[in-house]
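Peer 1: My file is model_10.cif. It has mmCIF, C-alpha atoms:
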```
data_upload
loop_
_atom_site.label_atom_id
_atom_site.label_comp_id
_atom_site.auth_asym_id
_atom_site.auth_seq_id
_atom_site.Cartn_x
_atom_site.Cartn_y
_atom_site.Cartn_z
CA MET A 1 36.22 92.85 156.29
CA ALA A 2 36.95 89.79 158.41
CA ARG A 3 35.79 89.73 162.01
CA LYS A 4 38.52 90.21 164.59
CA SER A 5 37.52 86.89 166.20
CA ASN A 6 38.62 85.15 162.99
CA LEU A 7 41.93 86.95 162.72
CA VAL A 8 43.42 87.07 166.20
CA PRO A 9 42.79 85.51 169.63
CA ASP A 10 41.69 87.51 172.67
CA SER A 11 44.81 86.39 174.54
CA LYS A 12 48.06 84.58 173.78
CA MET A 13 46.75 81.47 175.53
CA SER A 14 43.32 81.44 173.88
CA PHE A 15 44.45 80.85 170.28
CA ASP A 16 42.05 78.33 168.73
CA ILE A 17 43.37 76.63 165.59
CA ASP A 18 39.79 75.94 164.48
CA LYS A 19 38.56 79.53 164.88
CA GLN A 20 41.45 81.89 164.21
CA LEU A 21 43.38 82.24 161.01
CA THR A 22 46.49 80.07 160.63
CA ARG A 23 49.33 80.33 158.15
CA ASN A 24 48.07 77.32 156.17
CA LYS A 25 44.64 78.97 155.76
CA VAL A 26 46.19 81.76 153.70
CA ILE A 27 47.01 80.30 150.29
CA LEU A 28 49.43 82.50 148.34
CA GLU A 29 49.41 82.10 144.55
CA GLY A 30 51.18 84.80 142.56
CA ASN A 31 49.41 88.10 143.13
CA ILE A 32 46.41 86.49 144.84
CA ALA A 33 45.81 85.14 148.32
CA ILE A 34 42.84 82.98 149.24
CA VAL A 35 41.95 83.36 152.90
CA ILE A 36 40.01 80.37 154.23
CA PHE A 37 37.65 80.55 157.19
CA ASN A 38 36.21 77.28 158.53
CA TRP A 39 34.52 78.98 161.48
CA SER A 40 32.93 82.38 162.02
CA LYS A 41 29.96 83.97 163.74
CA THR A 42 27.85 82.70 160.82
CA ILE A 43 29.67 79.35 160.34
CA GLN A 44 29.55 77.65 163.71
CA MET A 45 28.65 74.12 162.70
CA GLY A 46 31.15 73.72 159.88
CA ASN A 47 28.29 73.84 157.37
CA ARG A 48 30.37 75.74 154.81
CA ILE A 49 33.83 77.13 154.14
CA LEU A 50 34.31 80.81 153.39
CA LYS A 51 37.05 81.61 150.88
CA ILE A 52 37.93 85.27 150.48
CA PRO A 53 40.34 86.34 147.73
CA LEU A 54 42.78 89.20 148.20
CA ILE A 55 44.47 90.75 145.19
CA GLU A 56 47.88 92.42 145.37
CA ASN A 57 47.75 96.16 144.86
CA THR A 58 51.16 97.20 143.55
CA ARG A 59 50.08 100.87 143.55
CA SER A 60 49.59 101.00 147.33
CA ALA A 61 52.10 100.94 150.17
CA LEU A 62 49.21 99.64 152.29
CA CYS A 63 48.66 96.42 150.32
CA PRO A 64 47.67 93.75 152.87
CA LEU A 65 48.85 90.90 150.62
CA ARG A 66 52.36 92.34 150.25
CA ALA A 67 52.50 93.11 153.98
CA TYR A 68 51.45 89.54 154.82
CA ARG A 69 53.96 88.03 152.40
CA ASN A 70 56.72 90.22 153.87
CA MET A 71 55.75 89.28 157.44
CA CYS A 72 55.88 85.57 156.55
CA LYS A 73 59.34 86.03 155.04
CA LEU A 74 60.62 87.91 158.10
CA ILE A 75 58.85 85.68 160.64
CA PRO A 76 58.67 82.11 159.25
CA ALA A 77 56.34 79.74 161.11
CA ALA A 78 54.63 76.37 160.78
CA GLY A 79 51.40 76.10 158.81
CA ASP A 80 49.30 75.49 161.91
CA SER A 81 50.72 78.58 163.65
CA PRO A 82 48.62 81.72 164.04
CA ALA A 83 48.67 83.77 160.86
CA PHE A 84 49.94 86.84 162.71
CA LEU A 85 52.94 86.44 165.02
CA PHE A 86 55.74 88.50 166.47
CA PRO A 87 58.98 87.48 168.17
CA SER A 88 59.13 87.92 171.95
CA LYS A 89 61.84 86.60 174.26
CA HIS A 90 63.25 84.07 171.77
CA LYS A 91 59.85 82.64 170.77
CA LEU A 92 56.95 83.53 168.52
CA VAL A 93 53.69 84.70 170.11
CA PRO A 94 50.36 85.42 168.44
CA VAL A 95 49.20 88.96 167.88
CA THR A 96 46.17 89.32 170.18
CA TYR A 97 43.12 91.50 169.83
CA THR A 98 44.61 93.94 172.37
CA ASP A 99 47.87 94.10 170.36
CA PHE A 100 45.97 94.60 167.11
CA GLN A 101 43.81 97.36 168.60
CA ARG A 102 46.86 99.11 170.11
CA TYR A 103 48.79 98.99 166.81
CA ILE A 104 45.83 100.42 164.90
CA LYS A 105 45.49 103.31 167.34
CA GLU A 106 49.24 104.00 167.26
CA PHE A 107 49.28 104.19 163.46
CA ILE A 108 46.13 106.31 163.32
CA SER A 109 47.71 108.72 165.79
CA LYS A 110 50.92 108.88 163.69
CA ILE A 111 48.97 110.14 160.69
CA GLY A 112 47.39 112.87 162.78
CA ARG A 113 43.91 111.42 163.23
CA ASN A 114 42.05 110.95 166.50
CA PRO A 115 42.67 107.30 167.51
CA ARG A 116 39.54 107.27 169.70
CA LEU A 117 37.45 107.40 166.52
CA PHE A 118 38.93 104.16 165.13
CA SER A 119 39.15 100.52 166.12
CA THR A 120 39.74 97.18 164.46
CA HIS A 121 36.04 97.24 163.57
CA SER A 122 36.76 100.26 161.36
CA PHE A 123 38.18 97.82 158.77
CA ARG A 124 34.91 95.92 158.66
CA ARG A 125 32.75 99.02 158.53
CA GLY A 126 35.11 100.87 156.18
CA GLY A 127 35.53 97.84 153.95
CA ALA A 128 31.78 97.56 153.42
CA THR A 129 31.49 101.28 152.69
CA PHE A 130 34.48 101.25 150.33
CA ALA A 131 33.14 98.20 148.45
CA PHE A 132 29.75 99.91 148.11
CA GLU A 133 31.38 103.13 146.83
CA SER A 134 33.37 100.98 144.38
CA LYS A 135 30.04 99.77 142.93
CA VAL A 136 30.44 96.19 144.19
CA PRO A 137 27.02 94.49 144.10
CA ALA A 138 25.33 94.27 147.50
CA GLU A 139 25.23 90.47 147.42
CA LEU A 140 29.00 90.27 146.95
CA ILE A 141 29.65 92.74 149.79
CA GLN A 142 27.48 90.54 152.00
CA VAL A 143 29.38 87.37 150.98
CA HIS A 144 32.83 88.97 151.22
CA GLY A 145 32.11 90.22 154.74
CA ASP A 146 30.35 86.99 155.77
CA TRP A 147 27.14 88.74 156.81
CA ALA A 148 24.14 86.41 157.13
CA SER A 149 21.75 89.36 156.89
CA ASP A 150 21.60 92.85 155.44
CA ALA A 151 23.12 94.21 158.68
CA TYR A 152 26.19 95.43 156.79
CA LYS A 153 24.01 98.15 155.27
CA LEU A 154 23.99 99.84 158.67
CA TYR A 155 27.73 100.44 158.21
CA LEU A 156 27.38 102.29 154.93
CA GLN A 157 28.07 105.98 155.21
CA PHE A 158 26.66 108.40 152.69
CA SER A 159 27.83 111.93 152.02
CA LEU A 160 25.42 114.85 152.10
CA SER A 161 25.72 115.20 148.32
CA GLU A 162 24.67 111.56 147.89
CA LYS A 163 21.66 112.18 150.12
CA VAL A 164 20.81 115.34 148.15
CA SER A 165 20.90 113.29 144.93
CA VAL A 166 18.11 111.11 146.34
CA ALA A 167 15.95 114.17 147.02
CA LYS A 168 16.72 115.56 143.54
CA ALA A 169 15.83 112.29 141.85
CA MET A 170 12.53 112.09 143.73
CA THR A 171 11.71 115.76 142.99
CA LYS A 172 11.83 115.04 139.25
CA PHE A 173 8.74 112.85 139.59
CA ILE A 174 6.61 115.23 141.66
CA PRO A 175 4.08 117.13 139.49
#
```
Output the file's structure as structure tokens, nothing else.
Peer 2:
Amino acid sequence: MARKSNLVPDSKMSFDIDKQLTRNKVILEGNIAIVIFNWSKTIQMGNRILKIPLIENTRSALCPLRAYRNMCKLIPAAGDSPAFLFPSKHKLVPVTYTDFQRYIKEFISKIGRNPRLFSTHSFRRGGATFAFESKVPAELIQVHGDWASDAYKLYLQFSLSEKVSVAKAMTKFIP
């Protein structure tokens, strides 16, 4: 649920070690990673540090922790390097927002979905919705996504059957 501005720079030259994620801000311990953010849209004065845990999911081929660990093994880099790099012309370059967006759309297209309906923001929006559907308390969703307000609730998507359940519950109390 991290903001793209915390994960990747807008351009290869605009990487900011204080704002974007670096290798040494992802602490790997067994089947857990702690992702540390010192700056974000809601942490601009260094007034707090956000630590987000990720747990390895051995049942999923899409486990972000395993993918990150594998990337670090295949593409070793210094601790103060961008967290996400790829080799280009005998050097390592940071994955940019444009790269990230392009990769997402390519993968979405490969699974037969319309890539115009998805963006990097889909992870933020989808993460909030998935956490809510997983019965995670609202306060923890807000903390995990680093929302300063209840704005994340605008991302939640409810099925028609969930909306019908509201009407049914209210109908029970009408004389």
Peer 1: Apply the PyMOL selection byres ((chain A and resi 121) around 12) to the file shown and report the selected residues as a ChimeraX atom specification.
Peer 2: /A:1-5,7,97,100-101,104-105,117-120,122-128,145,155
Peer 1: In Å, how far is it from CA of Thr42 in chain A to CA of Glu56 in chain A?
Peer 2: 27.1 Å
Peer 1: Please determine, counting all atoms listed in the file, which residue among A:Tyr68, A:Thr129, A:Val136, A:Lys25 has the shortest atom-to-atom distance to Gln157 in chain A.
Peer 2: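 Closest to Gln157 in chain A, using all atoms listed in the file: A:Thr129.
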Peer 1: Can you turn the PyMOL selection byres ((chain A and resi 64-67) around 9) into a concrete residue list for this file, as a list of chain:residue names?
Peer 2: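 Selection result, ordered by chain and number: A:Leu28, A:Asn31, A:Ile32, A:Ala33, A:Leu54, A:Ile55, A:Glu56, A:Asn57, A:Thr58, A:Ala61, A:Leu62, A:Cys63, A:Tyr68, A:Arg69, A:Asn70, A:Met71, A:Cys72.
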Peer 1: How many Å lie between CA of Gly46 in chain A and CA of Trp147 in chain A, rounded to one decimal?
Peer 2: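 Result for CA of Gly46 in chain A versus CA of Trp147 in chain A: 15.8 Å, one decimal.
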Peer 1: What does the distance from CA of Pro82 in chain A to CA of Val95 in chain A come to in Å, to one decimal?
Peer 2: 8.2 Å
Peer 1: Measuring atom to atom with only C-alpha atoms, identify which of A:Lys168, A:Lys163, A:Arg116, A:Arg23 is nearest to Ala78 in chain A.
Peer 2: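 Using only C-alpha atoms, the shortest distance to Ala78 in chain A belongs to A:Arg23.
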Peer 1: Could you tell me which residues the PyMOL selection byres ((chain A and resi 34-36) around 6) returns for this structure, as a list in words?
Peer 2: Lys25, Val26, Ile27, Ala33, Phe37, Leu50, Lys51, Ile52 and Pro53 of chain A
Peer 1: I'd like to know which of A:Arg48, A:Asp99, A:Asp80, A:Phe107 is closest to Leu21 in chain A, using only C-alpha atoms.
Peer 2: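 Closest to Leu21 in chain A, using only C-alpha atoms: A:Asp80.
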